[in-house]
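**Q** Got a structure here, written out as structure tokens. Questions coming.
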Amino acid sequence: MKHIALTILATLLYISPTCAQRPKVGLVLGGGGAKGAAEVGALKVIEESGIHIDYIAGTSIGAIVGALYAAGYSAHQLDSMFCQQQWIAMLTDRNDEYSGEPYKTVKGVTYIFGFPVIDRQNPAFGVLRGGKVEQTIDSMLAYHGDQVEFENLKIPFACVAAEMKTAEEVVLSKGTVPQAIRASMAIPGIFKPIRINGRSLVDGGMVNNLPVDVVRRMGADIVIAIDLQQEKPKKRKPIDRALWGIADTFGVGGLAEWIIARPDINKYYDNCANADIYINPSIPDDDASSFGNRSMARMIVIGEQAARQHWDELVRLK
């Protein structure tokens, strides 16, 4: 009996270092509007392969998928949610109560057939407020067990936003998750920016649409990246900072430099190269705004097919 106990102990001591040395796996989910449905499809295959995800980083729609997965939703649950969600109503803040009225103003907000087009209480640049997105994500996370704060998520998660005036990258990993997601997906001119810690934040796709570097800093040894971008942007040369004196005078030097120099492009190429398993579903860019349920179902299948092409790599990683 003693011999058996010693054998078991020796086996445990032998196995423990191996377990401790298991490489940490990071999952990166890129931005791309409705094409994010393909990320759900790819996740179904990753789950099937048996890989354990230790860290998640996402941008824009990737932040939505990543946060829900980090909260404990399975890929199959996300599949159902994506196909059943009333995306247009959620993204546009449509008020069903006023959907039958051509024109209605309530508490400073003017609605046209239920769609808010003027918000006198929030005159910040941008057509849509994004409040319903935040409320929907909040209810989804709360329903899955008090996962509204970053520290309560089952898997460590971070999402990327951009400071509106300076175009500086802001990585959000503390505080309220729905608010952070709302910032990460606030496409400039479409959604109003959101203020977090005194900064006006907009869509992280401006600065880091595939945050492989973020998940590496979180501790990932191996990275699986799902990139929704199709036509690869051309690299640009650095711009002489001396040219931006006038723009800096108006406090938008960083934004002006971003528009012309596009420093995010070089970072994008670096991040693509720095992923260990790079999954790039083939979806036309026109589908970025295809939030219909049929389109979602089709893109989920495309994501599954793209991930299955990397099946051998995924199984070896496990």
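As shown in the structure tokens, the chain order sets the letters A, B, ...; within each chain, residues go from 1, and ligands are also counted from 1 in the order they appear.
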With stretch 205-229 of chain A as the partner and 7 Å as the cut-off, tabulate the residues of stretch 47-77 of chain A that qualify, each row holding the nearest pair of atoms and their distance in Å to one decimal, using only C-alpha atoms, sorted by chain and rising number, as JSON lines.

**A**
```
{"residue": "A:Tyr55", "atom": "CA", "partner": "A:Val215", "partner_atom": "CA", "distance": 6.5}
{"residue": "A:Ile56", "atom": "CA", "partner": "A:Val215", "partner_atom": "CA", "distance": 6.5}
{"residue": "A:Ala57", "atom": "CA", "partner": "A:Val215", "partner_atom": "CA", "distance": 5.6}
{"residue": "A:Gly58", "atom": "CA", "partner": "A:Pro211", "partner_atom": "CA", "distance": 6.5}
{"residue": "A:Thr59", "atom": "CA", "partner": "A:Asn209", "partner_atom": "CA", "distance": 5.7}
{"residue": "A:Ser60", "atom": "CA", "partner": "A:Gly205", "partner_atom": "CA", "distance": 6.7}
```

**Q** Keeping all heavy atoms for every residue in the selection just given, could you write it to a file as a compact mmCIF listing (two decimals), in the first residue's frame?

**A**
```txt
# COMPACT_ATOMS: atom_id res chain seq x y z
N TYR A 55 -6.35 33.84 -22.34
CA TYR A 55 -6.49 35.29 -22.43
C TYR A 55 -7.23 35.63 -23.72
O TYR A 55 -7.11 34.92 -24.72
CB TYR A 55 -5.13 36.00 -22.46
CG TYR A 55 -4.21 35.67 -21.31
CD1 TYR A 55 -3.18 34.75 -21.47
CD2 TYR A 55 -4.36 36.29 -20.07
CE1 TYR A 55 -2.33 34.44 -20.42
CE2 TYR A 55 -3.52 35.98 -19.02
CZ TYR A 55 -2.50 35.06 -19.20
OH TYR A 55 -1.66 34.74 -18.15
N ILE A 56 -7.99 36.73 -23.69
CA ILE A 56 -8.72 37.19 -24.88
C ILE A 56 -8.54 38.69 -25.03
O ILE A 56 -8.66 39.44 -24.07
CB ILE A 56 -10.22 36.86 -24.78
CG1 ILE A 56 -10.45 35.35 -24.61
CG2 ILE A 56 -10.96 37.36 -26.03
CD1 ILE A 56 -11.91 34.98 -24.38
N ALA A 57 -8.27 39.12 -26.26
CA ALA A 57 -8.24 40.54 -26.59
C ALA A 57 -9.04 40.75 -27.86
O ALA A 57 -8.97 39.94 -28.79
CB ALA A 57 -6.81 41.03 -26.79
N GLY A 58 -9.83 41.83 -27.91
CA GLY A 58 -10.66 42.07 -29.07
C GLY A 58 -10.85 43.54 -29.36
O GLY A 58 -10.64 44.39 -28.49
N THR A 59 -11.25 43.82 -30.59
CA THR A 59 -11.52 45.20 -31.02
C THR A 59 -12.87 45.25 -31.71
O THR A 59 -13.20 44.37 -32.52
CB THR A 59 -10.43 45.69 -32.00
OG1 THR A 59 -9.17 45.69 -31.34
CG2 THR A 59 -10.73 47.10 -32.48
N SER A 60 -13.68 46.26 -31.37
CA SER A 60 -14.97 46.51 -32.00
C SER A 60 -15.89 45.29 -31.88
O SER A 60 -16.17 44.85 -30.78
CB SER A 60 -14.73 46.92 -33.47
OG SER A 60 -15.86 47.59 -33.97
```

**Q** Which residues, written as a JSON list (two decimals) with all heavy atoms, in the first residue's frame, have at least one atom at most 7 Å from A:Ile61, with only C-alpha atoms counted and residues fewer than 3 positions away on the same chain left out?

**A**
```json
[["chain", "number", "residue", "atom", "x", "y", "z"],
["A", 31, "GLY", "N", -11.73, 43.43, -35.50],
["A", 31, "GLY", "CA", -12.93, 44.17, -35.80],
["A", 31, "GLY", "C", -13.35, 43.97, -37.25],
["A", 31, "GLY", "O", -12.53, 43.65, -38.10],
["A", 32, "GLY", "N", -14.65, 44.21, -37.53],
["A", 32, "GLY", "CA", -15.12, 44.03, -38.90],
["A", 32, "GLY", "C", -16.63, 44.05, -39.02],
["A", 32, "GLY", "O", -17.19, 43.45, -39.93],
["A", 33, "GLY", "N", -17.31, 44.73, -38.10],
["A", 33, "GLY", "CA", -18.76, 44.84, -38.19],
["A", 33, "GLY", "C", -19.46, 43.50, -38.13],
["A", 33, "GLY", "O", -19.08, 42.61, -37.35],
["A", 36, "GLY", "N", -18.14, 39.82, -37.76],
["A", 36, "GLY", "CA", -17.79, 39.20, -36.48],
["A", 36, "GLY", "C", -18.49, 37.87, -36.28],
["A", 36, "GLY", "O", -18.05, 37.05, -35.47],
["A", 64, "ILE", "N", -17.10, 42.51, -28.57],
["A", 64, "ILE", "CA", -18.39, 41.93, -28.17],
["A", 64, "ILE", "C", -18.28, 40.42, -28.05],
["A", 64, "ILE", "O", -18.63, 39.82, -27.03],
["A", 64, "ILE", "CB", -19.49, 42.31, -29.17],
["A", 64, "ILE", "CG1", -19.75, 43.82, -29.14],
["A", 64, "ILE", "CG2", -20.78, 41.55, -28.85],
["A", 64, "ILE", "CD1", -20.81, 44.28, -30.13],
["A", 65, "VAL", "N", -17.75, 39.79, -29.11],
["A", 65, "VAL", "CA", -17.61, 38.33, -29.11],
["A", 65, "VAL", "C", -16.69, 37.89, -27.97],
["A", 65, "VAL", "O", -16.98, 36.95, -27.23],
["A", 65, "VAL", "CB", -17.06, 37.84, -30.45],
["A", 65, "VAL", "CG1", -16.86, 36.32, -30.43],
["A", 65, "VAL", "CG2", -18.01, 38.21, -31.59],
["A", 185, "MET", "N", -16.30, 49.96, -30.03],
["A", 185, "MET", "CA", -17.04, 49.83, -31.30],
["A", 185, "MET", "C", -17.63, 51.16, -31.78],
["A", 185, "MET", "O", -18.43, 51.17, -32.72],
["A", 185, "MET", "CB", -18.15, 48.81, -31.14],
["A", 185, "MET", "CG", -19.13, 49.13, -30.04],
["A", 185, "MET", "SD", -20.71, 48.25, -30.22],
["A", 185, "MET", "CE", -21.41, 49.15, -31.60]]
```

**Q** May I have the residues within 8 Å of A:Ala186 as a count of residues only, using only C-alpha atoms and disregarding those fewer than 6 positions away in the same chain?

**A** 8

**Q** With distances taken over only C-alpha atoms, which of A:His76, A:Arg298, A:Lys154, A:Lys24 is nearest to A:Leu43?

**A**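 Closest to A:Leu43, using only C-alpha atoms: A:His76.
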
**Q** So which one's closest to A:Leu78, A:Leu317, A:Leu153, A:Ile300, A:Ile196? Using only C-alpha atoms, please.

**A**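 Ranking A:Leu317, A:Leu153, A:Ile300, A:Ile196 by distance to A:Leu78, first place goes to A:Ile300.
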
**Q** Could you state the separation of atom CA of A:Ala70 and atom CA of A:Asn197 in Å, given to one decimal place?

**A**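 Between these atoms lies a distance of 23.5 Å.
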
**Q** For A:Gln77, find every residue with an atom within 10 Å (counting only C-alpha atoms), except residues of its own chain fewer than 6 positions away, and show them as a list in words.

**A** Val40, Lys44, Leu68 and Tyr69 of chain A

**Q** Using only C-alpha atoms, which of the listed residues (A:Ala38, A:Ser184, A:Arg316, A:Asn280) sits closest to A:Val170?

**A**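 Residue with the minimum atom-to-atom distance to A:Val170: A:Ser184.
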
**Q** Which residues come within 10 Å of A:Gln84, counting only C-alpha atoms, excluding same-chain residues fewer than 4 positions away, as an MDAnalysis selection string?

**A** chainID A and resid 78:80 292:294 296:297

**Q** Could you work out how far atom CA of A:Gln230 lies from atom CA of A:Pro263, giving the answer in Å with one decimal?

**A**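 These atoms are spaced 18.5 Å apart.
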
**Q** Write down as a list in words the residues belonging to stretch 148-197 of chain A that are assigned strand (DSSP E or B) by DSSP computed on the backbone.

**A**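 Answer for stretch 148-197 of chain A, restricted to strand (DSSP E or B): Glu149, Phe157, Ala158, Cys159, Val160, Ala161, Ala162, Glu163, Glu169, Val170, Val171, Leu172, Thr176, Pro188, Phe191, Ile194, Arg195 and Ile196 of chain A.
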